[in-house]
$ cat query_33.txt   # compact mmCIF, C-alpha atoms
# COMPACT_ATOMS: atom_id res chain seq x y z
CA MET A 1 22.22 -61.72 16.08
CA THR A 2 23.21 -59.85 12.95
CA ALA A 3 25.11 -56.61 13.45
CA PRO A 4 23.49 -53.51 11.96
CA PRO A 5 25.02 -52.31 8.69
CA THR A 6 27.63 -49.63 8.90
CA PRO A 7 26.56 -46.23 7.46
CA HIS A 8 27.85 -45.32 4.04
CA VAL A 9 28.92 -41.68 3.75
CA VAL A 10 28.23 -40.00 0.40
CA SER A 11 29.30 -36.45 -0.44
CA SER A 12 26.42 -34.28 -1.66
CA LYS A 13 28.75 -32.55 -4.13
CA ALA A 14 29.20 -35.81 -6.01
CA LEU A 15 25.44 -36.33 -6.38
CA PRO A 16 23.52 -35.06 -9.41
CA ARG A 17 21.25 -32.02 -9.06
CA LEU A 18 17.56 -32.73 -9.71
CA ILE A 19 14.33 -30.75 -10.11
CA CYS A 20 11.13 -31.76 -8.34
CA ILE A 21 7.67 -31.07 -9.81
CA GLU A 22 4.74 -31.77 -7.51
CA TYR A 23 2.19 -32.55 -10.18
CA PRO A 24 -1.39 -31.69 -9.07
CA ALA A 25 -2.87 -34.98 -10.28
CA ILE A 26 -2.31 -38.74 -10.23
CA VAL A 27 0.23 -39.45 -12.96
CA LYS A 28 -0.35 -42.67 -14.90
CA ASN A 29 1.50 -41.69 -18.06
CA PRO A 30 4.68 -39.68 -17.41
CA ASP A 31 4.99 -38.68 -21.08
CA ARG A 32 1.50 -37.17 -21.08
CA ALA A 33 2.28 -35.31 -17.85
CA ILE A 34 5.47 -33.83 -19.32
CA GLU A 35 3.49 -32.80 -22.40
CA THR A 36 1.03 -30.83 -20.25
CA LEU A 37 3.98 -28.92 -18.78
CA GLY A 38 5.14 -27.76 -22.19
CA GLY A 39 7.53 -30.62 -22.73
CA LEU A 40 11.11 -30.73 -21.63
CA GLU A 41 11.65 -27.42 -23.41
CA GLY A 42 8.97 -25.68 -21.33
CA ILE A 43 10.34 -27.11 -18.09
CA ALA A 44 13.90 -26.04 -18.99
CA LYS A 45 12.66 -22.54 -19.83
CA ALA A 46 10.92 -22.18 -16.47
CA VAL A 47 14.01 -23.37 -14.60
CA SER A 48 16.47 -21.12 -16.45
CA SER A 49 14.29 -17.98 -16.39
CA ASN A 50 13.20 -18.21 -12.72
CA LYS A 51 9.55 -17.98 -13.78
CA ARG A 52 6.50 -19.96 -12.81
CA LEU A 53 5.86 -23.32 -14.46
CA GLU A 54 2.79 -23.44 -16.70
CA LEU A 55 0.52 -26.49 -16.81
CA SER A 56 -2.26 -27.00 -19.33
CA PHE A 57 -4.51 -30.02 -18.89
CA ARG A 58 -5.44 -29.77 -22.60
CA PRO A 59 -2.23 -28.75 -24.40
CA ASN A 60 -3.80 -28.84 -27.87
CA ASP A 61 -6.73 -26.62 -26.88
CA VAL A 62 -6.05 -22.88 -27.11
CA PHE A 63 -9.01 -22.21 -24.77
CA SER A 64 -7.47 -24.20 -21.94
CA LYS A 65 -6.62 -22.07 -18.92
CA HIS A 66 -3.18 -22.60 -17.43
CA VAL A 67 -2.33 -23.52 -13.87
CA TYR A 68 0.90 -22.06 -12.52
CA GLY A 69 3.41 -23.70 -10.22
CA ASP A 70 5.50 -21.56 -7.90
CA ARG A 71 9.25 -22.01 -7.84
CA ASN A 72 10.82 -22.82 -4.45
CA ASN A 73 14.42 -23.38 -3.45
CA SER A 74 14.84 -26.54 -1.41
CA THR A 75 17.42 -28.95 -0.06
CA LYS A 76 16.00 -32.45 -0.39
CA TYR A 77 17.23 -35.87 -1.36
CA LEU A 78 15.63 -38.29 -3.78
CA LEU A 79 15.85 -41.84 -2.42
CA ARG A 80 15.36 -45.14 -4.26
CA VAL A 81 14.04 -47.80 -1.86
CA LYS A 82 13.87 -51.44 -2.94
CA ARG A 83 12.08 -54.15 -1.04
CA LYS A 84 12.81 -57.81 -1.59
CA ARG A 85 11.32 -60.83 0.19
CA GLN A 86 14.00 -62.73 2.05
CA SER A 87 13.67 -66.50 2.32
CA LEU A 88 14.74 -68.39 5.44
CA SER A 89 17.56 -70.14 3.62
CA ASP A 90 19.10 -66.85 2.50
CA THR A 91 21.72 -65.27 4.70
CA PRO A 92 21.56 -61.58 5.44
CA SER A 93 23.49 -59.53 3.00
CA SER A 94 26.55 -57.74 4.26
CA SER A 95 25.90 -54.75 2.03
CA ASN A 96 25.99 -51.32 3.65
CA SER A 97 22.64 -50.29 2.14
CA SER A 98 20.41 -53.32 2.88
CA SER A 99 18.99 -54.85 6.02
CA LEU A 100 16.61 -57.63 7.00
CA SER A 101 13.47 -56.54 8.81
CA PRO A 102 11.53 -58.74 11.28
CA ASP A 103 8.71 -59.19 8.76
CA GLY A 104 10.99 -61.04 6.37
CA TRP A 105 11.61 -58.27 3.85
CA SER A 106 14.99 -56.95 2.78
CA TYR A 107 15.26 -53.23 2.13
CA SER A 108 17.92 -51.37 0.19
CA ILE A 109 18.19 -47.59 0.08
CA GLU A 110 20.09 -45.55 -2.49
CA ILE A 111 20.47 -41.76 -2.74
CA VAL A 112 19.74 -40.80 -6.35
CA GLY A 113 20.42 -37.05 -6.19
CA VAL A 114 19.87 -33.69 -4.50
CA ILE A 115 16.76 -31.60 -5.23
CA ASP A 116 17.68 -27.91 -5.33
CA VAL A 117 14.55 -26.56 -7.04
CA SER A 118 10.94 -27.68 -6.67
CA PHE A 119 7.72 -26.47 -8.29
CA LYS A 120 4.52 -26.59 -6.23
CA PHE A 121 1.06 -26.00 -7.68
CA ARG A 122 -0.77 -24.25 -4.86
CA SER A 123 -2.96 -21.94 -6.94
CA MET A 124 -6.50 -22.61 -8.01
CA CYS A 125 -7.32 -23.63 -11.53
CA ASP A 126 -9.25 -20.97 -13.39
CA PHE A 127 -12.69 -21.73 -14.83
CA GLN A 128 -12.33 -23.96 -17.89
CA PHE A 129 -14.60 -22.81 -20.70
CA ILE A 130 -14.93 -25.46 -23.40
CA PRO A 131 -16.11 -24.21 -26.82
CA MET A 132 -19.21 -26.34 -27.33
CA TRP A 133 -22.47 -25.77 -29.20
CA LYS A 134 -25.76 -27.32 -28.15
CA GLN A 135 -27.50 -28.94 -31.11
CA PRO A 136 -31.26 -29.35 -31.55
CA ASP A 137 -31.09 -32.99 -30.40
CA ASN A 138 -29.61 -31.82 -27.05
CA THR A 139 -26.14 -33.06 -27.95
CA TYR A 140 -23.03 -30.93 -27.96
CA ALA A 141 -20.61 -30.39 -30.79
CA SER A 142 -17.16 -28.86 -30.61
CA LEU A 143 -16.62 -25.41 -32.12
CA THR A 144 -12.82 -25.52 -32.07
CA ASP A 145 -12.49 -26.23 -35.79
CA LYS A 146 -14.80 -23.33 -36.63
CA LEU A 147 -13.14 -20.87 -34.27
CA ILE A 148 -9.52 -21.61 -35.14
CA PRO A 149 -8.73 -21.10 -38.85
CA GLN A 150 -7.02 -24.05 -40.44
CA ASN A 151 -6.08 -22.16 -43.61
CA LEU A 152 -6.75 -18.87 -45.37
CA GLU A 153 -10.43 -18.02 -45.16
CA ASN A 154 -12.52 -15.67 -47.24
CA THR A 155 -15.15 -13.31 -45.89
CA ASP A 156 -18.18 -15.46 -46.73
CA TRP A 157 -18.45 -16.75 -43.18
CA LEU A 158 -19.27 -13.25 -41.99
CA ARG A 159 -22.50 -13.29 -44.00
CA GLU A 160 -23.71 -16.62 -42.64
CA SER A 161 -26.54 -16.13 -40.17
CA SER A 162 -26.17 -19.61 -38.68
CA ASN A 163 -22.85 -18.79 -37.00
CA GLU A 164 -22.99 -18.77 -33.23
CA LEU A 165 -21.46 -15.84 -31.39
CA TYR A 166 -18.67 -17.13 -29.17
CA LEU A 167 -16.83 -14.53 -27.09
CA PRO A 168 -15.19 -16.20 -24.10
CA PRO A 169 -13.53 -13.91 -21.55
CA THR A 170 -9.77 -13.93 -21.44
CA ILE A 171 -9.75 -14.38 -17.66
CA PHE A 172 -12.42 -15.13 -15.07
CA SER A 173 -10.68 -14.28 -11.83
CA ARG A 174 -7.93 -11.75 -11.04
CA PHE A 175 -6.30 -13.92 -8.38
CA ASP A 176 -5.15 -17.51 -8.65
CA LYS A 177 -4.96 -18.05 -4.88
CA PRO A 178 -7.80 -18.04 -2.32
CA ILE A 179 -8.47 -14.70 -0.65
CA ARG A 180 -10.87 -13.62 2.09
CA TYR A 181 -13.49 -11.72 0.16
CA SER A 182 -16.08 -11.17 2.95
CA TYR A 183 -18.40 -9.44 0.47
CA ARG A 184 -16.51 -6.16 0.61
CA GLU A 185 -17.64 -3.23 -1.47
CA GLU A 186 -15.59 -2.05 -4.38
CA PRO A 187 -13.41 0.98 -3.53
CA ARG A 188 -14.94 4.24 -4.69
CA PRO A 189 -13.30 7.63 -5.18
CA ARG A 190 -13.72 10.03 -2.28
CA ASP A 191 -16.19 12.82 -2.79
CA LYS A 192 -14.28 16.11 -2.81
CA ASP A 193 -17.33 18.05 -1.66
CA ALA A 194 -18.22 15.65 1.16
CA ASN A 195 -17.58 18.35 3.79
CA ALA A 196 -18.75 21.35 1.79
CA ASP A 197 -21.68 22.01 4.13
CA LEU A 198 -19.61 21.70 7.31
CA GLY A 199 -18.13 24.69 9.07
CA HIS A 200 -14.42 25.35 9.45
CA ASP A 201 -14.53 24.48 13.16
CA VAL A 202 -15.96 20.99 12.61
CA VAL A 203 -13.56 18.04 12.56
CA ALA A 204 -15.01 15.66 9.98
CA PHE A 205 -14.11 12.06 9.27
CA LYS A 206 -13.68 12.85 5.58
CA ARG A 207 -11.81 16.09 5.86
CA LYS A 208 -10.15 17.40 2.74
CA ARG A 209 -6.47 16.64 2.37
CA VAL A 210 -4.21 19.70 2.25
CA HIS A 211 -2.28 19.28 -0.97
CA GLY A 212 -1.75 21.20 -4.17
CA LEU A 213 -0.96 24.46 -2.35
CA ALA A 214 2.63 24.66 -3.59
CA ASN A 215 3.46 25.84 -7.10
CA PHE A 216 5.64 23.21 -8.81
CA ILE A 217 6.51 24.19 -12.37
CA LYS A 218 8.65 22.73 -15.10
CA TYR A 219 11.43 24.55 -16.87
CA HIS A 220 9.32 25.67 -19.85
CA ASN A 221 6.35 26.85 -17.76
CA ASP A 222 5.71 30.48 -16.88
CA ALA A 223 6.77 31.59 -13.43
CA PRO A 224 3.85 32.50 -11.13
CA ALA A 225 3.84 36.02 -9.75
CA ALA A 226 1.99 35.32 -6.50
CA PRO A 227 0.61 32.40 -4.49
CA SER A 228 -2.86 31.14 -5.19
CA PRO A 229 -5.73 32.55 -3.09
CA GLU A 230 -6.35 29.10 -1.60
CA ALA A 231 -2.72 28.81 -0.49
CA MET A 232 -2.74 32.33 0.89
CA GLN A 233 -5.90 31.73 2.90
CA HIS A 234 -4.79 28.37 4.25
CA ILE A 235 -1.29 29.50 5.25
CA GLN A 236 -2.52 32.67 6.93
CA ARG A 237 -4.98 30.60 8.95
CA TYR A 238 -2.15 28.18 9.82
CA VAL A 239 0.11 31.04 10.96
CA THR A 240 -2.63 32.40 13.21
CA THR A 241 -3.61 29.07 14.79
CA THR A 242 -0.04 27.80 15.37
CA ASN A 243 1.52 31.15 16.32
CA ALA A 244 4.11 30.89 13.55
CA HIS A 245 4.57 34.64 13.07
CA GLU A 246 8.26 34.55 13.93
CA GLU A 247 8.93 31.75 11.43
CA GLU A 248 7.02 33.66 8.75
CA LYS A 249 9.04 36.81 9.43
CA THR A 250 12.35 34.91 9.32
CA LEU A 251 11.57 33.24 5.99
CA ARG A 252 10.41 36.55 4.48
CA GLU A 253 13.71 38.20 5.43
CA LEU A 254 15.71 35.32 3.93
CA PHE A 255 13.88 35.54 0.60
CA GLU A 256 14.49 39.29 0.56
CA GLN A 257 18.21 38.69 1.01
CA ARG A 258 18.37 35.95 -1.65
CA PRO A 259 15.72 35.04 -4.22
CA VAL A 260 16.57 31.32 -4.62
CA TRP A 261 16.98 28.81 -1.79
CA SER A 262 17.16 25.09 -1.29
CA ARG A 263 14.99 23.67 1.44
CA ASN A 264 17.99 22.44 3.44
CA ALA A 265 19.61 25.86 3.21
CA LEU A 266 16.43 27.45 4.57
CA ARG A 267 16.32 24.93 7.41
CA PHE A 268 19.96 25.67 8.27
CA ASN A 269 19.64 29.47 8.18
CA SER A 270 16.16 29.86 9.66
CA LYS A 271 16.12 26.98 12.18
CA VAL A 272 12.45 26.48 11.30
CA ASN A 273 10.96 23.06 11.92
CA LEU A 274 10.64 20.94 8.77
CA GLU A 275 6.88 20.47 9.03
CA ARG A 276 6.28 24.21 9.47
CA LEU A 277 8.69 24.96 6.66
CA LYS A 278 6.75 22.73 4.26
CA THR A 279 3.56 24.59 5.10
CA LEU A 280 4.98 28.11 4.93
CA LEU A 281 7.09 27.82 1.76
CA PRO A 282 4.17 28.11 -0.74
CA LEU A 283 3.56 31.60 0.68
CA PHE A 284 6.91 32.94 -0.53
CA GLY A 285 7.81 31.20 -3.78
CA TYR A 286 7.50 28.42 -6.32
CA CYS A 287 9.63 25.34 -6.96
CA PHE A 288 11.17 23.97 -10.17
CA SER A 289 10.71 20.24 -10.78
CA ASN A 290 13.43 20.00 -13.42
CA GLY A 291 16.19 22.03 -15.05
CA PRO A 292 19.23 23.76 -13.53
CA TRP A 293 17.18 25.01 -10.55
CA ARG A 294 15.34 21.78 -9.84
CA ARG A 295 14.07 21.31 -6.26
CA LEU A 296 14.91 24.95 -5.47
CA TRP A 297 12.42 27.49 -4.12
CA VAL A 298 12.32 30.78 -6.06
CA ARG A 299 10.79 33.99 -4.74
CA PHE A 300 7.59 35.13 -6.43
CA GLY A 301 8.30 37.80 -9.03
CA TYR A 302 11.83 36.55 -9.78
CA ASP A 303 12.72 34.30 -12.73
CA PRO A 304 16.35 33.05 -12.85
CA ARG A 305 15.87 32.03 -16.49
CA ARG A 306 15.62 35.73 -17.46
CA ASP A 307 18.45 36.99 -15.26
CA ILE A 308 22.05 36.04 -16.06
CA GLY A 309 22.82 36.61 -12.40
CA GLY A 310 20.67 33.59 -11.59
CA ARG A 311 23.57 31.33 -12.56
CA VAL A 312 25.03 31.66 -9.07
CA TYR A 313 21.92 29.94 -7.66
CA GLN A 314 22.18 26.87 -9.91
CA LEU A 315 22.69 23.42 -8.47
CA ILE A 316 25.78 21.26 -8.61
CA ASP A 317 25.71 17.58 -7.71
CA PHE A 318 28.92 16.83 -5.81
CA ARG A 319 29.94 13.30 -4.91
CA ALA A 320 32.81 12.79 -2.53
CA PRO A 321 35.44 10.14 -3.35
CA ARG A 322 34.62 6.66 -2.08
CA ASP A 323 38.03 6.22 -0.43
CA ASN A 324 37.15 8.87 2.18
CA ASP A 325 35.85 6.97 5.23
CA VAL A 326 35.22 10.09 7.32
CA ILE A 327 32.16 11.26 5.35
CA ARG A 328 28.96 9.47 6.25
CA THR A 329 26.37 8.06 3.90
CA LYS A 330 22.63 8.76 4.05
CA LYS A 331 22.13 5.34 5.64
CA ASP A 332 24.37 6.33 8.55
CA LEU A 333 22.39 9.54 9.08
CA ARG A 334 19.09 7.77 9.70
CA TYR A 335 17.83 8.08 13.24
CA SER A 336 16.03 5.45 15.26
CA ILE A 337 13.00 5.70 17.55
CA ASN A 338 13.06 4.19 21.01
CA LEU A 339 9.97 1.99 20.71
CA SER A 340 10.28 0.65 24.22
CA LYS A 341 9.71 4.07 25.76
CA LEU A 342 7.77 5.52 22.79
CA ALA A 343 9.93 8.63 23.01
CA LEU A 344 12.69 10.16 20.93
CA THR A 345 16.24 9.78 22.14
CA LYS A 346 18.66 12.68 22.43
CA GLU A 347 20.04 11.85 19.00
CA ASP A 348 16.51 11.83 17.57
CA SER A 349 15.71 15.27 19.02
CA GLN A 350 18.56 16.75 16.99
CA ALA A 351 17.62 14.89 13.79
CA ASP A 352 15.78 17.93 12.43
CA GLU A 353 18.91 20.06 12.58
CA ILE A 354 20.92 20.55 9.37
CA GLU A 355 24.70 20.45 9.47
CA GLU A 356 26.69 23.19 7.78
CA GLY A 357 28.50 20.71 5.52
CA SER A 358 25.22 19.70 3.86
CA VAL A 359 24.48 23.21 2.52
CA VAL A 360 27.82 25.06 2.48
CA PHE A 361 31.12 23.95 0.97
CA LYS A 362 34.15 25.83 2.21
CA ILE A 363 37.81 25.21 2.83
CA GLY A 364 38.44 23.26 6.01
CA VAL A 365 34.91 21.80 6.32
CA LEU A 366 34.08 18.31 5.05
CA PRO A 367 30.67 17.59 3.48
CA SER A 368 28.27 15.86 5.85
CA GLN A 369 27.23 13.32 3.17
CA ARG A 370 28.89 11.63 0.23
CA ASN A 371 26.30 12.90 -2.24
CA THR A 372 25.30 16.52 -1.72
CA LEU A 373 23.46 19.12 -3.77
CA TYR A 374 25.03 22.57 -3.39
CA GLN A 375 24.06 25.91 -4.82
CA LEU A 376 27.02 27.58 -6.49
CA CYS A 377 26.63 30.66 -4.27
CA ASP A 378 27.15 28.41 -1.21
CA ILE A 379 30.57 27.18 -2.40
CA HIS A 380 33.12 29.40 -0.66
CA VAL A 381 36.25 28.54 -2.62
CA PRO A 382 38.13 31.58 -4.03
CA LEU A 383 38.80 30.04 -7.44
CA ILE A 384 35.15 29.04 -7.95
CA GLU A 385 33.98 32.46 -6.75
CA GLN A 386 36.24 34.12 -9.34
CA MET A 387 34.82 31.87 -12.06
CA LEU A 388 31.25 32.88 -11.10
CA GLN A 389 32.13 36.57 -11.27
CA ASP A 390 33.62 36.21 -14.74
CA THR A 391 30.68 36.82 -17.09
CA SER A 392 32.73 35.68 -20.08
CA LEU A 393 32.33 32.10 -18.85
CA ALA A 394 28.52 32.39 -19.00
CA GLU A 395 26.36 31.50 -21.98
CA ALA A 396 24.48 34.10 -23.98
CA SER A 397 21.15 32.36 -23.37
CA CYS A 398 19.68 30.05 -20.77
CA ASN A 399 18.97 26.41 -21.66
CA GLU A 400 17.27 23.59 -19.81
CA GLU A 401 20.34 21.40 -19.39
CA ARG A 402 23.08 23.80 -18.21
CA GLY A 403 21.24 27.05 -17.49
CA TRP A 404 23.61 30.00 -17.93
CA LEU A 405 26.79 27.94 -17.50
CA SER A 406 29.16 26.62 -20.15
CA SER A 407 29.41 22.93 -20.93
CA ASN A 408 32.41 22.16 -18.71
CA PHE A 409 31.85 24.72 -15.95
CA LEU A 410 30.38 22.29 -13.43
CA GLU A 411 33.07 19.68 -14.15
CA LYS A 412 35.77 22.24 -13.38
CA CYS A 413 34.02 23.10 -10.12
CA ARG A 414 33.84 19.44 -9.09
CA GLY A 415 37.54 19.02 -9.81
CA ILE A 416 38.44 22.04 -7.67
CA MET A 417 36.23 20.80 -4.82
CA LYS A 418 37.85 17.36 -4.89
CA GLU A 419 41.30 18.96 -4.81
CA GLU A 420 40.33 20.95 -1.72
CA MET A 421 39.10 17.80 -0.03
CA GLN A 422 42.32 16.01 -0.89
CA LYS A 423 44.35 18.86 0.60
CA LEU A 424 42.33 18.71 3.80
CA GLU A 425 42.80 14.95 4.01
CA ASN A 426 46.57 15.27 3.46
CA ARG A 427 46.81 17.87 6.25
CA GLY A 428 44.98 15.54 8.58
CA GLN A 429 47.37 12.69 7.81
CA GLU A 430 50.39 14.91 8.41
CA GLN A 431 49.06 15.94 11.82
CA GLU A 432 48.60 12.30 12.77
$ encode --input "query_33.txt" --output "structure tokens"
Amino acid sequence: MTAPPTPHVVSSKALPRLICIEYPAIVKNPDRAIETLGGLEGIAKAVSSNKRLELSFRPNDVFSKHVYGDRNNSTKYLLRVKRKRQSLSDTPSSSNSSSLSPDGWSYSIEIVGVIDVSFKFRSMCDFQFIPMWKQPDNTYASLTDKLIPQNLENTDWLRESSNELYLPPTIFSRFDKPIRYSYREEPRPRDKDANADLGHDVVAFKRKRVHGLANFIKYHNDAPAAPSPEAMQHIQRYVTTTNAHEEEKTLRELFEQRPVWSRNALRFNSKVNLERLKTLLPLFGYCFSNGPWRRLWVRFGYDPRRDIGGRVYQLIDFRAPRDNDVIRTKKDLRYSINLSKLALTKEDSQADEIEEGSVVFKIGVLPSQRNTLYQLCDIHVPLIEQMLQDTSLAEASCNEERGWLSSNFLEKCRGIMKEEMQKLENRGQEQE
């Protein structure tokens, strides 16, 4: 009895890297198949650019619709298997890669290479529209030569009445993969007045979404003097139904104390729930969408662009140094929901609370996040407070980029804030 051949170990690193193309047809002529794929140049372009591989069954026809092959990363081996009939007089080969089977055939196996990338054509072929013209004798003639100019043409062909109009669509289907259509209707825009005849106490399936109540303006727009009647009516109804009179009173007092607030600062000082705060804010002010007071809520009747004192309410984007591991990132501040009990944990119940370090910067208190937006009036550092009181450091006019501040004012403030953080960190290391 012949002993089985010993396995031959081959390192995959020494094998060549290959590309596999699962051609969606029976290939009899490899050269023609490569030509339909755009040639070796088209295949190399698809491999290097990580795009889909295009296949055209009629490469010379501009009206041929392409089929696209999806790129997939794979780990496969290409094997070359040879079968040779073994005569009775021949002795079994002692090669490591061949063996004699009971049916009298000798097989040899060789690993050619490793397939890292493969292209699979799983999409449907779009409708192929061939430019043909039916002649009077019921035969068809090609219109390709008439549709595609071979040289410079004059305008005489426009006056010929015998020309057939040929306007093929650029695409027949939006999707190249099968989808479950189920004869669904096309989506239609919702009727805004669908519930116009219903009373206020009726809960309708198509109730109107509450949006557009807040006044968001850009820097060059005029500041509104009062909320819109729709916002006033809706918010007053909300205050009555949800018993939010105390929250309304608290926010009104805060806007009387200071005309410009960030939403986080209002949450920290008023302790109002975020959802109620979103609903009540349009009653007291408007919000800038860009400029030095972007994302800040300004009291109706006050315009910081016309008051040089409004510079103290401008924003500064402060980013803590990356080498400080004590300050958390926004990713660390995300809270999780206990899905097993469908209830908020103790940490989740406090997620609506705002920490002091996220709205106020002062000596001895670290920011709660690495990237924080502060208002200059909320930075309690003596040197920065002196700079804000010095009107000589302010500009004569307000502009969209810097507001009332000079070109390097904010950079100086960031430098002072980083120095204070470094001092605090050094004191902590000395105590350790």
$ residues_around --input "query_33.txt" --residues "stretch 18-25 of chain A" --least-positions-apart "4" --cutoff "10 Å" --atoms "only C-alpha atoms" --output "list in words"
Ala33, Ile34, Leu37, Ile43, Val47, Leu53, Leu55, Val67, Gly69, Asp70, Arg71, Asn72, Asn73, Ser74, Lys76, Tyr77, Leu78, Val112, Gly113, Val114, Ile115, Asp116, Val117, Ser118, Phe119, Lys120, Phe121 and Arg122 of chain A
$ atom_distance --input "query_33.txt" --atom1 "atom CA of A:Lys82" --atom2 "atom CA of A:Asp103"
15.0 Å
$ closest_residue --input "query_33.txt" --among "A:Leu152, A:Val27, A:Leu213, A:Leu373" --to "A:Tyr313" --atoms "all atoms listed in the file"
A:Leu373
$ closest_residue --input "query_33.txt" --among "A:Phe255, A:Phe57, A:Phe409, A:Phe288" --to "A:Arg32" --atoms "all atoms listed in the file"
A:Phe57
$ residues_around --input "query_33.txt" --residues "A:Lys249" --least-positions-apart "3" --cutoff "12 Å" --atoms "all atoms listed in the file" --output "PyMOL selection string"
chain A and resi 239+243-246+252-256+270+272+280-281+283-284
$ residues_around --input "query_33.txt" --residues "A:Gln257" --least-positions-apart "4" --cutoff "12 Å" --atoms "all atoms listed in the file" --output "PyMOL selection string"
chain A and resi 250-253+261+266+269+299
$ atom_distance --input "query_33.txt" --atom1 "atom CA of A:Ser289" --atom2 "atom CA of A:Ala396"
23.6 Å
$ atom_distance --input "query_33.txt" --atom1 "atom CA of A:Asn290" --atom2 "atom CA of A:Leu366"
27.8 Å
$ residues_near_point --input "query_33.txt" --point "(31.2, 15.4, -8.5)" --cutoff "12 Å" --atoms "only C-alpha atoms" --output "ChimeraX atom specification"
/A:315-322,370-374,409-419,421
$ residues_around --input "query_33.txt" --residues "A:Ser56" --least-positions-apart "5" --cutoff "10 Å" --atoms "only C-alpha atoms" --output "list of chain:residue names"
A:Ala33, A:Glu35, A:Thr36, A:Leu37, A:Gly38, A:Asp61, A:Val62, A:Phe63, A:Ser64, A:Lys65, A:His66, A:Val67, A:Tyr68, A:Cys125
$ residues_around --input "query_33.txt" --residues "A:Cys287" --least-positions-apart "2" --cutoff "7 Å" --atoms "all atoms listed in the file" --output "JSON, numbers by chain"
{"A": [215, 216, 217, 285, 289, 295, 296, 297, 298]}
$ closest_residue --input "query_33.txt" --among "A:Arg237, A:Arg311, A:Arg80, A:Lys134" --to "A:Ile109" --atoms "all atoms listed in the file"
A:Arg80
$ decode --input "query_33.txt" --residues "stretch 214-218 of chain A" --atoms "all heavy atoms" --output "mmCIF file, in the first residue's frame"
data_model
loop_
_atom_site.group_PDB
_atom_site.id
_atom_site.type_symbol
_atom_site.label_atom_id
_atom_site.label_comp_id
_atom_site.auth_asym_id
_atom_site.auth_seq_id
_atom_site.Cartn_x
_atom_site.Cartn_y
_atom_site.Cartn_z
ATOM 1 N N ALA A 214 -39.832 79.581 16.288
ATOM 2 C CA ALA A 214 -38.671 80.366 16.712
ATOM 3 C C ALA A 214 -38.201 81.278 15.589
ATOM 4 O O ALA A 214 -38.341 80.969 14.402
ATOM 5 C CB ALA A 214 -37.539 79.445 17.153
ATOM 6 N N ASN A 215 -37.649 82.417 15.977
ATOM 7 C CA ASN A 215 -37.118 83.383 15.026
ATOM 8 C C ASN A 215 -35.609 83.180 14.901
ATOM 9 O O ASN A 215 -34.851 83.576 15.788
ATOM 10 C CB ASN A 215 -37.411 84.821 15.486
ATOM 11 C CG ASN A 215 -38.825 85.237 15.172
ATOM 12 O OD1 ASN A 215 -39.267 85.140 14.036
ATOM 13 N ND2 ASN A 215 -39.542 85.694 16.183
ATOM 14 N N PHE A 216 -35.171 82.539 13.819
ATOM 15 C CA PHE A 216 -33.753 82.379 13.518
ATOM 16 C C PHE A 216 -33.393 83.372 12.417
ATOM 17 O O PHE A 216 -33.974 83.334 11.327
ATOM 18 C CB PHE A 216 -33.440 80.947 13.076
ATOM 19 C CG PHE A 216 -33.556 79.945 14.185
ATOM 20 C CD1 PHE A 216 -34.741 79.232 14.368
ATOM 21 C CD2 PHE A 216 -32.494 79.701 15.037
ATOM 22 C CE1 PHE A 216 -34.851 78.302 15.385
ATOM 23 C CE2 PHE A 216 -32.599 78.776 16.059
ATOM 24 C CZ PHE A 216 -33.777 78.078 16.230
ATOM 25 N N ILE A 217 -32.468 84.248 12.695
ATOM 26 C CA ILE A 217 -32.086 85.268 11.728
ATOM 27 C C ILE A 217 -30.593 85.173 11.465
ATOM 28 O O ILE A 217 -29.829 84.627 12.275
ATOM 29 C CB ILE A 217 -32.439 86.686 12.231
ATOM 30 C CG1 ILE A 217 -31.591 87.054 13.456
ATOM 31 C CG2 ILE A 217 -33.921 86.795 12.547
ATOM 32 C CD1 ILE A 217 -31.725 88.503 13.860
ATOM 33 N N LYS A 218 -30.197 85.687 10.322
ATOM 34 C CA LYS A 218 -28.787 85.794 9.991
ATOM 35 C C LYS A 218 -28.262 87.163 10.415
ATOM 36 O O LYS A 218 -29.019 88.043 10.809
ATOM 37 C CB LYS A 218 -28.572 85.561 8.497
ATOM 38 C CG LYS A 218 -28.926 84.143 8.055
ATOM 39 C CD LYS A 218 -28.593 83.929 6.590
ATOM 40 C CE LYS A 218 -28.895 82.494 6.176
ATOM 41 N NZ LYS A 218 -28.569 82.257 4.745
#
